[in-house]
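Peer 1: Here it is, the structure in full.
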Amino acid sequence: MKLNIRFNTNNKKHLQVFLELSILIIGIFSFSYIIHETQNLVPTNLFNKNKLDQKVVQIPFEDVINFFDLIPSISAQQENSNTQTQTSSWQSSSTSQFANVNNATTNYAVAQYSTNTSLSGYQFACCHQTKEGAICQEVLSTKQEQCAVPLIPGRCQEVQSCEIGCCIDKQEGLCSSKSTYQACINDGGEWKKGEECLIQECQKGCCLLGDNVEFVTEQRCDVLSLLEGFSQSYFEDLEREWQCLALKETQVYGACVVGEGRCSQESETKCSEIGGDFYEDLLCSHESLNTSCERQSYISCIEGEDEIYWFDSCGNKENIYSSDRETSWANGNKLDKSESCNPLESNAGSTTCGNCNLFLSSTCSETALGARSVKDGDFICKDLTCMDEYGNKRENGESWCVYDSAIGDGKDTAGSRHWKRYCEDGEVKIEPCADYRGQICVQSEIKNDEGDSINTASCVVNEALKCIMEYNQGEEGPSPECTENPDCIVKEIDVDKGFKFDFCTSKYPRGFDLTEDSENEESAKQICALANQECTVIYEKKLGFGVGGSAAQSAATGSDWVCVFNCDCEEEKFAEQMNDLCISLGDCGSYINYKGEGTDNINVENSPDVSWQEYTQYAQPVKGQYAQAKSLEYTGKLLGWNIATEDDFEREVSILAKSVKTVGTISGAGAWIIKGSMFIFPGLFGVGTVSSTVAASAAAEAAATGGFEAAGIAAQDPSMLATTLSGVATVAGSLALGAALGGIIGKIFGLQGDAATALIVTGAIGGLTIGVGVLVSAKFSAFCGPFAWLCFVILIVILLIVAAVLKFLGIGDTKEVIVEFECLPWQAPPGGTNCEACNEDPLKPCTEYRCSSLGQSCELLNENELNPICVNVNSGDRTPPVISPGDIATGFKFNNEQKDSVEVRQFEGGCIKEFTSVLFSLKTDEFAQCKLSYERGKDYEEMSYGFIERTSYSRNHTTSFIMPSISALESEFNITIEGDLREQIGNLNMYVRCQDSNGNLNNKEYAVNFCIVSGPDTTPVEIVKTNPVNGAGKIFNLNEVPLTIFLSEPAQCKFSKEDKSYNEMENGFLCKTGLQESTINGWPCNTLLQGLTQEVNSQDTFYIKCIDQPWFADTDKENLRNINQDSYIYTLKNSQSELSIDSISPSGNIIEGFEPIVVNIEAKTSGGINNGVSQCKYSFTNNNENLISFLNTFSSTHKQKFDLMTAGDYILYVTCEDDAGNKAESKTIFSLKLDTSSPAIVRVFNEGGNLKILTDEKAECTYDFYTCNFNINNASSMTNAFSLEHKAPWNLDNTYHIKCRDIWGNTNLGCGIIVKPSKIY
Amino acid sequence: MHKDKISNKNKVYFNKKGQVTIFIIIALVIVILAVLAYLFVPRIIKSIRGLEENPNQFIQGCLQEEFETIVEKISLQGGSLNPEHYYMYNDSSIEYLCYTNQYYLTCVVQQPLLKQHIENEIAIALKDKIDSCFESLDEEFTSQGYEVSLTKGTYDIELLPKRIIVKTNSNLALNKEATERFVAMQIIFNNNLYELTSIANSIINSEATIGSAETTVYMTYYKDLKVEKYKQSDGTTIYILTDRNTEDKFQFASRSVAWPSVY
């Protein structure tokens, strides 16, 4: 029995061990499964939308150029393209799709800027002289009309005549740096390479000319000395202008006695020149000199000197004035300034001392009669100090910054400007920094040895552009340069875990053109749109007991839908932070002007708004706040200096100092900008990617707190019941298996969130129970059977039941709320009551920008005069704008037009079917801003900027309306629309209000009515557009091509190479089916067409069908879905061959006689999609850079003429591309040579009784019998036409003096040959 | 005593009549002199002046007004008499001495050798006046009885520190009792355009190098110099240089490192 028991026990142990091992193995797989699922089943699609709007960040380079308007002509070009886009929109068919009103603007903008033009689309050419008269200017290669002479391809720096160097007038000894070659030569100068003129003959030194000095070259010193009658006295080691000026002060002066009693104060040099006796440091009134000059006869100022001086009776300057005559006279000895009265004081206003000092803010000044003066004459040391705006004393020459309002942190107000002020001769003067905050005023402090300090200010270029465009390219957020550049700041957007990113933006945002007819309006919109954002907030339907702590939230809201992700995006801080970013991009967003008045220019959907009134405190300037100057080192780097060591830095500073004669300061820290027009922004705005990364990690985190959290915790929690390692393994394995089963079943049922968690927890508990049961109870093990299969089957059944219940209850369902932020250009407040404020401060003269920021009807008068004024031009306007119907897309019409309403209907009449987009516009009888709402009675402020014009004032207000689909709405939002609501949606009104620039608002809303065809959708999907277009060619022998089709409504599509039914089609598209996923062309579906034909001139045909109403998929309404009966046939042609460039001419040597040389380029192409018809571009640098389109192209022969070429070797690279995308590249090498030599006579002989000569080139030859000095035009000719052979009669009596001239006019100097015919030859 | 009285009385009576006569005579003489003066004084003055004034002075006097007008005009127009490429500022066409049509880029120097350019402009502008002045000179000295031999030559303008010189190599020979020859005449006008042009050159250099020039530094170096700088909305900067003593001005325009209204 014992044995049996033992045996039984052994059997049970075997079974138990077997079970444990089984569970352990299964557990391992289960854990693996769980881990796998936690990585792959995370519903990242719910979260990854929280990144910068791709529609915004995908701005191609050319649009960046346009943003920043590098060249006015680009603006003009862009304007044209905009017009074209608009036109094509109106011509679009009724099926053209617009996503919805809110998306319309963005899409519209994207459509404008989505042309796939590379940088090469905008090519520069060099214009020798513009029609305005400017020399060597770069213009767009397409803008020949701007240039007075034919354009030269390439940048001006590559064209010899415009190369910048040093222009020297050797005779005069003058050098002009930064001079263009041709202009220098034309002015008679000698041009040398090296734009800074850092050559020996241009080095400046100090030239002493009698009592004066000149900072000039040595040669110039020679010239001036000769002219002035002095012997040359040149100090080349005085390399700085101030050193030279100081030399003047060190000259020795004294009494110069000429003859008897005549004396004058002269320098020693001058005295010896006039033959006088020089007495250093003595005054003419010195007793020992016995002159007739009596001391201290009168006082006066001296030109160029600060002090008041005594003069003797002969008019000679004596010492600095002091009322103590004896001390001042010093027994007739000269006194230095430092030995004169109060040398360390300014002596301003002193009646006893005339030792004025400009550096201490005083100078000699004549006084009016009766005014305070020194005791011995009507002169005084005038006080040159100034008082600043705060009443602080400023020294003469001191400069400081003044601002209109708070600055920095991206908070500069609209219309504000930075001002440099300086104190000059007791008067405060202004130097406005560039308007639109193109420059900022930086200030620093200088301390003297005594510890006193003065300020020095400078207007420097604002690098705002660089902050936004250059420092956000990296994938890891703003680059470190952002924090190094004092003009930039990093804005940290941290609203919630899934809405968090950093963006480098401008510390001092640039201003926009705020005028009504601004050409840059579109650019401004695009810049502001960089802050357009969507935050996807996730709501989840929770279990009643609130897993994850959501019960309280659930109870509080009275709903089972609980926000689980990005919840703070629905709080005020979302709009606050985003508006903060928006403001920092430029004049954007809800903000104020420099007088504290503002407007709201943001659209926030599904989250609280933020008003401009929150920012009024920024209208006041902050005392003591000023912009910091950039360090020289930083500036040096920007200037592209090669700085490896400190010495390098010093050297570069020295070069710069020399180049600007030491008087300039490095205030224009704009070298990056100098290079800036060539900026290339690869992967512009990597912020989106960063954001995406952030979102992804946040998503993973969110997932961890979601469905698999419980499983993870359960799996990691060791069972305290297990006492052995195998026991632990068994329990853990069972638990994992249970959890995995829960997860699988949850997935099968499509459960998420709480429901998935509940199921996994249930499975885990079940598994745990089984594991523990198996471990501790033999009966339980026996009940469960081998592998515990029975218990797990029961667990599966339980899980299935739980899953079904959860599915039925909808637990774990999620829904998204898109919180949107739209950043719009800032608009001035309506009206013009505050216009006069612009004229108030004479030290801050009004400008167009400042004026236009104060009100919509403010206008600047006398713009180009000293005192422009800002006035309200519409002060009497009290009439609100009148709204009326404008244009409407083809296929629709305005119907039943009333004073305050209009209906939009099908052109034939009747309502419009679902998903149809109608593009239309309303007109106003004056420039106005319009808003709309679908709810009657809303205030203007509450309505949304639903028109494409957004905040712009316009007469046309364009929008599109897409007819809603009730069933789609029900599906998308999981609601049931019934009764009145259904009727309302079927018969919608759009209410519009408009406000003119004076703030006049139409009180009664204008209603636009739409009605939607009722009843089920019976119309199949229409393919509106394809990309590539239907019937297009493909690159020769290309195997696969991506295809995008755009649908008139959300649908799912398939395609096949044969015409089949939808279900039989084997290839699918990836379609966007969300209501908000429509593009300007409709709902996109993407696929890759593969296995394309390789046969020449053949084509591939594809049959496409779609099935609409995807929300009915797998439901009982599947049968309501419409499938295309007829396939859409899409064809793609193969090219006949590769595109090839057959020839490019010219090549080799081209000889011409003079410059400029005309060169005609011709390229011939063949093959490709259409017998060589293609567009060819050329470049003189290489195949991929600076490509310019041939003047005549888009055929198989491409021509370009260059009118102004100079001699030299050239390589012309040519790239051609046809419509299918076939590309070919080639090049031609040619040399342009100048023939400047006269023809050589290579042979002379008698032929048939004639003197015959041969020349080495085609020429015309003449002769004279007497001299070589004859006029070739009037002499006897030996030539009929330009030829190599020339002849004349063989006359023995004459000597032939022969001269030849080639076709370029090169003529023999003297005779080419002298021939004396003889009898013997 | 009585007799004397009577006598004196008669005398007084006589004197009164005589006085009237004398007054009339004096008045007639004055009128006659006035008429004579009107008729002959200009010639007399001319004759006197002709003796005192040499040809240099004559030409200087003849040119002075026109010269000042032209130099002022050229100075206020950036060194050009008829600016081709200019900015309108306070109704003046101010020539661009440095210009770029683009944004963000430094300018290209438009007049590399400014001094020479200004000299040429003045020379062109004065040509007709100089010719007419020499013709007047010929007439004038002929009228003074000189035998005038004038061979017109070329002439040059030269800007120099504190002055502008008109140089001519016209050959003038005046022969009356002796022959006096004037071969290389130089007419000097006081003007500080040379100094202002030098400063302008320096400013242009700064504009072309770093896009801007710091005006206060110039004023610190040169106490008699005032530099005003006015930025215009299109990126143009107007510089006005003034000599505080003579009020001579030189103004010019530059467009360098300009910035658009939107970035």
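Please note that chains go A, B, ... in the order of the structure tokens, that every chain numbers its residues from 1, and that ligands are numbered from 1 in the order shown.
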Would you kindly return, as a count of residues only, each protein, DNA or RNA residue with an atom no farther than 7 Å from any atom of region 215-225 of chain B, considering only C-alpha atoms and excluding same-chain residues fewer than 5 positions away?
Peer 2: 9
Peer 1: Find the residues near region 292-295 of chain A: any atom within 12 Å, counting only C-alpha atoms, skip ones fewer than 4 places away on the same chain, and give them as a PyMOL selection string.
Peer 2: chain A and resi 255-265+282-288+299+309-319+325-326+328-333
Peer 1: For the selection just defined, write its residues with C-alpha atoms to a file, as a compact mmCIF listing (two decimals), in the first residue's frame.
Peer 2:
```txt
# COMPACT_ATOMS: atom_id res chain seq x y z
CA ALA A 255 56.69 131.89 -31.89
CA CYS A 256 57.99 132.53 -35.36
CA VAL A 257 59.66 135.91 -35.63
CA VAL A 258 60.10 137.26 -39.08
CA GLY A 259 62.02 140.46 -39.53
CA GLU A 260 61.71 143.10 -36.93
CA GLY A 261 58.87 142.72 -34.50
CA ARG A 262 56.66 140.60 -36.73
CA CYS A 263 55.65 137.38 -35.11
CA SER A 264 53.19 134.58 -35.63
CA GLN A 265 52.48 131.27 -33.96
CA LEU A 282 57.10 130.73 -26.54
CA LEU A 283 54.26 133.10 -27.21
CA CYS A 284 54.80 136.02 -29.53
CA SER A 285 54.07 138.30 -26.60
CA HIS A 286 57.04 136.95 -24.71
CA GLU A 287 59.08 139.91 -23.57
CA SER A 288 62.37 138.50 -24.76
CA ILE A 299 39.54 135.89 -26.52
CA TYR A 309 41.90 130.95 -26.19
CA TRP A 310 43.56 134.25 -25.52
CA PHE A 311 44.83 136.05 -28.60
CA ASP A 312 47.55 138.67 -28.79
CA SER A 313 47.16 141.92 -30.61
CA CYS A 314 48.71 140.39 -33.73
CA GLY A 315 45.94 137.77 -33.82
CA ASN A 316 48.11 134.92 -32.61
CA LYS A 317 46.63 132.23 -30.46
CA GLU A 318 48.00 132.28 -26.96
CA ASN A 319 47.17 129.99 -24.06
CA ARG A 325 45.53 136.46 -16.75
CA GLU A 326 48.95 136.11 -15.29
CA SER A 328 47.20 131.98 -18.21
CA TRP A 329 49.95 134.01 -19.86
CA ALA A 330 52.66 132.10 -17.94
CA ASN A 331 55.24 134.77 -18.66
CA GLY A 332 54.82 134.30 -22.34
CA ASN A 333 55.42 130.55 -22.29
```
Peer 1: Show me, as number ranges by chain, every residue of chain B with an atom at most 6 Å from chain A, counting only C-alpha atoms.
Peer 2: B: 84-85, 89-90, 102-105, 109, 112, 205-206, 210-214, 259, 261-263
Peer 1: So that I have them on file, write out the residues from the current selection with N, CA and C atoms, as a PDB file, in the first residue's frame.
Peer 2:
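Output file again_0.pdb follows:
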```pdb
ATOM      1  N   GLU B  84      21.604 108.855 -62.560  1.00  0.00           N
ATOM      2  CA  GLU B  84      20.879 107.839 -63.342  1.00  0.00           C
ATOM      3  C   GLU B  84      20.123 106.907 -62.422  1.00  0.00           C
ATOM      4  N   HIS B  85      20.793 106.510 -61.383  1.00  0.00           N
ATOM      5  CA  HIS B  85      20.193 105.542 -60.471  1.00  0.00           C
ATOM      6  C   HIS B  85      20.145 106.202 -59.107  1.00  0.00           C
ATOM      7  N   TYR B  89      14.597 111.825 -52.425  1.00  0.00           N
ATOM      8  CA  TYR B  89      14.517 112.157 -51.002  1.00  0.00           C
ATOM      9  C   TYR B  89      14.371 113.659 -50.877  1.00  0.00           C
ATOM     10  N   ASN B  90      13.319 114.067 -50.243  1.00  0.00           N
ATOM     11  CA  ASN B  90      13.033 115.501 -50.107  1.00  0.00           C
ATOM     12  C   ASN B  90      13.164 116.227 -51.439  1.00  0.00           C
ATOM     13  N   GLN B 102      19.012  93.295 -54.007  1.00  0.00           N
ATOM     14  CA  GLN B 102      18.552  92.140 -53.248  1.00  0.00           C
ATOM     15  C   GLN B 102      18.464  92.462 -51.763  1.00  0.00           C
ATOM     16  N   TYR B 103      17.805  91.578 -51.074  1.00  0.00           N
ATOM     17  CA  TYR B 103      17.756  91.703 -49.636  1.00  0.00           C
ATOM     18  C   TYR B 103      18.905  90.907 -49.023  1.00  0.00           C
ATOM     19  N   TYR B 104      19.333  91.340 -47.908  1.00  0.00           N
ATOM     20  CA  TYR B 104      20.310  90.647 -47.067  1.00  0.00           C
ATOM     21  C   TYR B 104      21.741  90.674 -47.597  1.00  0.00           C
ATOM     22  N   LEU B 105      21.939  91.157 -48.782  1.00  0.00           N
ATOM     23  CA  LEU B 105      23.294  91.149 -49.334  1.00  0.00           C
ATOM     24  C   LEU B 105      23.936  92.530 -49.214  1.00  0.00           C
ATOM     25  N   VAL B 109      29.697  98.563 -55.039  1.00  0.00           N
ATOM     26  CA  VAL B 109      30.097  99.963 -55.205  1.00  0.00           C
ATOM     27  C   VAL B 109      29.779 100.408 -56.631  1.00  0.00           C
ATOM     28  N   PRO B 112      33.422 103.518 -58.334  1.00  0.00           N
ATOM     29  CA  PRO B 112      34.656 103.143 -57.641  1.00  0.00           C
ATOM     30  C   PRO B 112      35.573 104.331 -57.346  1.00  0.00           C
ATOM     31  N   ASN B 205      32.665 102.177 -48.221  1.00  0.00           N
ATOM     32  CA  ASN B 205      33.443 100.970 -47.955  1.00  0.00           C
ATOM     33  C   ASN B 205      32.797 100.140 -46.850  1.00  0.00           C
ATOM     34  N   SER B 206      32.373 100.828 -45.796  1.00  0.00           N
ATOM     35  CA  SER B 206      31.698 100.114 -44.695  1.00  0.00           C
ATOM     36  C   SER B 206      30.396  99.488 -45.167  1.00  0.00           C
ATOM     37  N   ILE B 210      30.176  95.643 -44.531  1.00  0.00           N
ATOM     38  CA  ILE B 210      29.338  95.085 -43.464  1.00  0.00           C
ATOM     39  C   ILE B 210      27.907  95.594 -43.507  1.00  0.00           C
ATOM     40  N   GLY B 211      27.584  96.345 -44.522  1.00  0.00           N
ATOM     41  CA  GLY B 211      26.189  96.728 -44.710  1.00  0.00           C
ATOM     42  C   GLY B 211      25.760  97.960 -43.959  1.00  0.00           C
ATOM     43  N   SER B 212      26.650  98.564 -43.221  1.00  0.00           N
ATOM     44  CA  SER B 212      26.247  99.720 -42.434  1.00  0.00           C
ATOM     45  C   SER B 212      27.490 100.510 -42.044  1.00  0.00           C
ATOM     46  N   ALA B 213      27.296 101.750 -41.701  1.00  0.00           N
ATOM     47  CA  ALA B 213      28.432 102.554 -41.233  1.00  0.00           C
ATOM     48  C   ALA B 213      28.043 103.257 -39.942  1.00  0.00           C
ATOM     49  N   GLU B 214      28.985 103.303 -39.054  1.00  0.00           N
ATOM     50  CA  GLU B 214      28.736 103.894 -37.740  1.00  0.00           C
ATOM     51  C   GLU B 214      29.071 105.378 -37.815  1.00  0.00           C
ATOM     52  N   TRP B 259      16.374  94.732 -45.850  1.00  0.00           N
ATOM     53  CA  TRP B 259      15.533  93.677 -45.311  1.00  0.00           C
ATOM     54  C   TRP B 259      14.105  93.891 -45.785  1.00  0.00           C
ATOM     55  N   SER B 261       9.956  93.627 -45.698  1.00  0.00           N
ATOM     56  CA  SER B 261       9.027  93.876 -44.602  1.00  0.00           C
ATOM     57  C   SER B 261       8.660  92.580 -43.907  1.00  0.00           C
ATOM     58  N   VAL B 262       8.586  91.489 -44.660  1.00  0.00           N
ATOM     59  CA  VAL B 262       8.409  90.204 -43.987  1.00  0.00           C
ATOM     60  C   VAL B 262       9.687  89.425 -44.173  1.00  0.00           C
ATOM     61  N   TYR B 263      10.401  89.374 -43.166  1.00  0.00           N
ATOM     62  CA  TYR B 263      11.634  88.608 -43.144  1.00  0.00           C
ATOM     63  C   TYR B 263      12.468  88.815 -44.387  1.00  0.00           C
TER      64      TYR B 263
END
```
Peer 1: For Trp1111 (chain A), find every residue with an atom within 10 Å (counting only C-alpha atoms), except residues of its own chain fewer than 6 positions away, and show them as number ranges by chain.
Peer 2: A: 967-972, 1050-1051, 1073-1074, 1117-1118, 1121
Peer 1: Can I get the selected residues back with C-alpha atoms, as a PDB file, in the first residue's frame?
Peer 2:
```
ATOM      1  CA  SER A 967     -24.172  58.247 -42.147  1.00  0.00           C
ATOM      2  CA  ALA A 968     -20.491  59.202 -42.216  1.00  0.00           C
ATOM      3  CA  LEU A 969     -20.995  61.553 -39.302  1.00  0.00           C
ATOM      4  CA  GLU A 970     -22.804  58.826 -37.380  1.00  0.00           C
ATOM      5  CA  SER A 971     -19.999  56.403 -38.044  1.00  0.00           C
ATOM      6  CA  GLU A 972     -17.149  58.800 -37.380  1.00  0.00           C
ATOM      7  CA  PRO A1050     -14.203  58.260 -48.659  1.00  0.00           C
ATOM      8  CA  ALA A1051     -13.894  54.777 -50.128  1.00  0.00           C
ATOM      9  CA  THR A1073     -11.210  57.502 -45.218  1.00  0.00           C
ATOM     10  CA  GLY A1074     -11.538  59.887 -42.294  1.00  0.00           C
ATOM     11  CA  LYS A1117     -25.366  47.780 -44.036  1.00  0.00           C
ATOM     12  CA  GLU A1118     -22.619  46.395 -46.193  1.00  0.00           C
ATOM     13  CA  ARG A1121     -22.215  50.391 -50.255  1.00  0.00           C
TER      14      ARG A1121
END
```
Peer 1: Hey, what's within 9 Å of Ala1163 (chain A) if we count only C-alpha atoms and toss same-chain stuff fewer than 3 positions away? As a list in words, please?
Peer 2: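 The residues that qualify are Ile1141, Asp1142, Ser1143, Ile1144, Ser1145, Cys1176, Ser1196, Thr1197, His1198, Lys1199, Gln1200 and Val1214 of chain A.
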Peer 1: Restricted to C-alpha atoms, what would the selected residues look like written as a PDB file, in the first residue's frame?
Peer 2:
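Listing of part-v8.pdb after writing:
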```pdb
ATOM      1  CA  ILE A1141      21.593  64.535 -75.728  1.00  0.00           C
ATOM      2  CA  ASP A1142      22.924  63.976 -79.222  1.00  0.00           C
ATOM      3  CA  SER A1143      24.938  67.100 -79.629  1.00  0.00           C
ATOM      4  CA  ILE A1144      25.816  70.392 -78.055  1.00  0.00           C
ATOM      5  CA  SER A1145      27.435  73.105 -80.056  1.00  0.00           C
ATOM      6  CA  CYS A1176      16.976  71.443 -71.172  1.00  0.00           C
ATOM      7  CA  SER A1196      14.131  68.352 -79.401  1.00  0.00           C
ATOM      8  CA  THR A1197      16.289  71.351 -80.301  1.00  0.00           C
ATOM      9  CA  HIS A1198      17.233  73.722 -77.542  1.00  0.00           C
ATOM     10  CA  LYS A1199      18.806  77.126 -78.115  1.00  0.00           C
ATOM     11  CA  GLN A1200      20.426  79.726 -75.965  1.00  0.00           C
ATOM     12  CA  VAL A1214      23.468  70.594 -70.012  1.00  0.00           C
TER      13      VAL A1214
END
```
Peer 1: Can you tell me, as an NGL selection string, what residues are no more than 12 Å from Asn355 (chain A) when counting only C-alpha atoms, ignoring any on the same chain fewer than 6 positions away?
Peer 2: :A and (301 or 305-310 or 319-323 or 328 or 335-349 or 361-365 or 374 or 379-382)
Peer 1: How would the residues just picked look written out with N, CA and C atoms as a CSV table (one decimal), in the first residue's frame?
Peer 2:
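Result saved to result-v1.csv:
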```
chain,number,residue,atom,x,y,z
A,301,CYS,N,37.1,131.6,-29.9
A,301,CYS,CA,37.2,130.1,-30.2
A,301,CYS,C,38.0,129.9,-31.4
A,305,GLU,N,39.1,123.3,-32.5
A,305,GLU,CA,39.6,123.2,-31.2
A,305,GLU,C,38.4,123.3,-30.2
A,306,ASP,N,38.6,122.7,-29.0
A,306,ASP,CA,37.5,122.8,-28.0
A,306,ASP,C,37.5,124.0,-27.2
A,307,GLU,N,38.7,124.6,-26.9
A,307,GLU,CA,38.9,125.5,-25.8
A,307,GLU,C,38.7,127.0,-26.3
A,308,ILE,N,38.6,127.8,-25.2
A,308,ILE,CA,38.6,129.3,-25.5
A,308,ILE,C,40.0,129.7,-25.3
A,309,TYR,N,40.5,130.5,-26.2
A,309,TYR,CA,41.9,131.0,-26.2
A,309,TYR,C,42.0,132.5,-26.1
A,310,TRP,N,43.1,132.9,-25.5
A,310,TRP,CA,43.6,134.2,-25.5
A,310,TRP,C,44.2,134.5,-26.9
A,319,ASN,N,47.5,131.2,-24.9
A,319,ASN,CA,47.2,130.0,-24.1
A,319,ASN,C,45.7,129.9,-23.8
A,320,ILE,N,45.2,128.8,-23.3
A,320,ILE,CA,43.8,128.6,-23.0
A,320,ILE,C,43.4,129.7,-22.0
A,321,TYR,N,42.2,130.2,-22.2
A,321,TYR,CA,41.7,131.3,-21.4
A,321,TYR,C,41.5,130.9,-20.0
A,322,SER,N,42.0,131.8,-19.1
A,322,SER,CA,41.6,131.8,-17.7
A,322,SER,C,41.5,133.2,-17.3
A,323,SER,N,40.5,133.5,-16.4
A,323,SER,CA,40.4,134.9,-16.0
A,323,SER,C,41.6,135.3,-15.1
A,328,SER,N,47.5,132.4,-16.9
A,328,SER,CA,47.2,132.0,-18.2
A,328,SER,C,48.3,132.4,-19.2
A,335,LEU,N,51.4,127.0,-22.6
A,335,LEU,CA,51.0,126.1,-21.6
A,335,LEU,C,50.2,125.0,-22.2
A,336,ASP,N,50.5,123.8,-21.8
A,336,ASP,CA,49.7,122.6,-22.3
A,336,ASP,C,48.3,122.7,-21.7
A,337,LYS,N,47.4,121.9,-22.3
A,337,LYS,CA,46.0,121.8,-21.8
A,337,LYS,C,46.0,121.3,-20.4
A,338,SER,N,46.9,120.4,-20.1
A,338,SER,CA,46.9,119.8,-18.8
A,338,SER,C,47.5,120.8,-17.8
A,339,GLU,N,48.2,121.8,-18.2
A,339,GLU,CA,48.7,122.8,-17.3
A,339,GLU,C,47.8,124.0,-17.2
A,340,SER,N,46.8,124.0,-18.0
A,340,SER,CA,45.8,125.1,-17.9
A,340,SER,C,44.8,124.9,-16.8
A,341,CYS,N,43.9,125.8,-16.7
A,341,CYS,CA,42.9,125.8,-15.6
A,341,CYS,C,42.0,124.5,-15.6
A,342,ASN,N,41.7,124.0,-14.5
A,342,ASN,CA,40.8,122.8,-14.3
A,342,ASN,C,40.9,121.8,-15.4
A,343,PRO,N,42.0,121.2,-15.6
A,343,PRO,CA,42.2,120.3,-16.8
A,343,PRO,C,41.3,119.1,-16.7
A,344,LEU,N,40.9,118.7,-15.6
A,344,LEU,CA,40.1,117.4,-15.5
A,344,LEU,C,38.6,117.7,-15.5
A,345,GLU,N,38.2,118.9,-15.6
A,345,GLU,CA,36.8,119.3,-15.6
A,345,GLU,C,36.4,119.7,-17.0
A,346,SER,N,35.0,119.6,-17.2
A,346,SER,CA,34.5,120.0,-18.5
A,346,SER,C,34.5,121.6,-18.6
A,347,ASN,N,34.4,122.2,-17.4
A,347,ASN,CA,34.3,123.7,-17.3
A,347,ASN,C,33.1,124.2,-18.0
A,348,ALA,N,32.2,123.4,-18.2
A,348,ALA,CA,30.9,123.9,-18.9
A,348,ALA,C,30.3,125.0,-18.0
A,349,GLY,N,30.1,126.1,-18.6
A,349,GLY,CA,29.4,127.2,-18.0
A,349,GLY,C,30.3,128.0,-17.0
A,361,SER,N,32.3,116.6,-22.6
A,361,SER,CA,31.1,117.2,-23.0
A,361,SER,C,31.0,118.7,-22.9
A,362,SER,N,32.1,119.4,-23.3
A,362,SER,CA,32.0,120.9,-23.4
A,362,SER,C,32.8,121.3,-24.5
A,363,THR,N,32.5,122.4,-25.1
A,363,THR,CA,33.3,123.0,-26.2
A,363,THR,C,33.1,124.5,-26.2
A,364,CYS,N,34.0,125.2,-26.8
A,364,CYS,CA,33.9,126.6,-26.9
A,364,CYS,C,32.7,127.1,-27.7
A,365,SER,N,32.0,128.1,-27.2
A,365,SER,CA,30.9,128.5,-28.0
A,365,SER,C,30.7,130.0,-27.7
A,374,VAL,N,32.3,134.0,-20.2
A,374,VAL,CA,33.4,134.2,-19.3
A,374,VAL,C,33.7,135.7,-19.2
A,379,PHE,N,32.2,134.5,-24.8
A,379,PHE,CA,32.4,133.0,-25.1
A,379,PHE,C,32.2,132.2,-23.8
A,380,ILE,N,31.9,131.0,-23.9
A,380,ILE,CA,31.7,130.1,-22.8
A,380,ILE,C,32.0,128.7,-23.2
A,381,CYS,N,32.3,127.9,-22.2
A,381,CYS,CA,32.4,126.4,-22.5
A,381,CYS,C,31.0,125.9,-22.5
A,382,LYS,N,30.5,125.6,-23.6
A,382,LYS,CA,29.1,125.1,-23.7
A,382,LYS,C,29.0,123.7,-23.2
```
Peer 1: I'd like the contact shell of region 57-66 of chain B - 10 Å cut-off, only C-alpha atoms, skipping same-chain residues fewer than 4 positions apart - returned as a list in words.
Peer 2: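 Everything that qualifies: Arg49, Gly50, Glu52, Glu53, Ile70, Val71, Glu72, Ala125, Leu126, Lys129, Ile130, Ser132, Cys133, Phe134, Ser136, Leu137, Glu140, Val166, Met185, Gln186, Ile187, Ile188 and Phe189 of chain B.
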Peer 1: Just checking: using only C-alpha atoms, which residue out of A:Cys838, A:Ala1259, A:Cys528, A:Ile1104 ends up closest to Lys1060 (chain A)?
Peer 2: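 Closest to Lys1060 (chain A) of all the choices is A:Ile1104.
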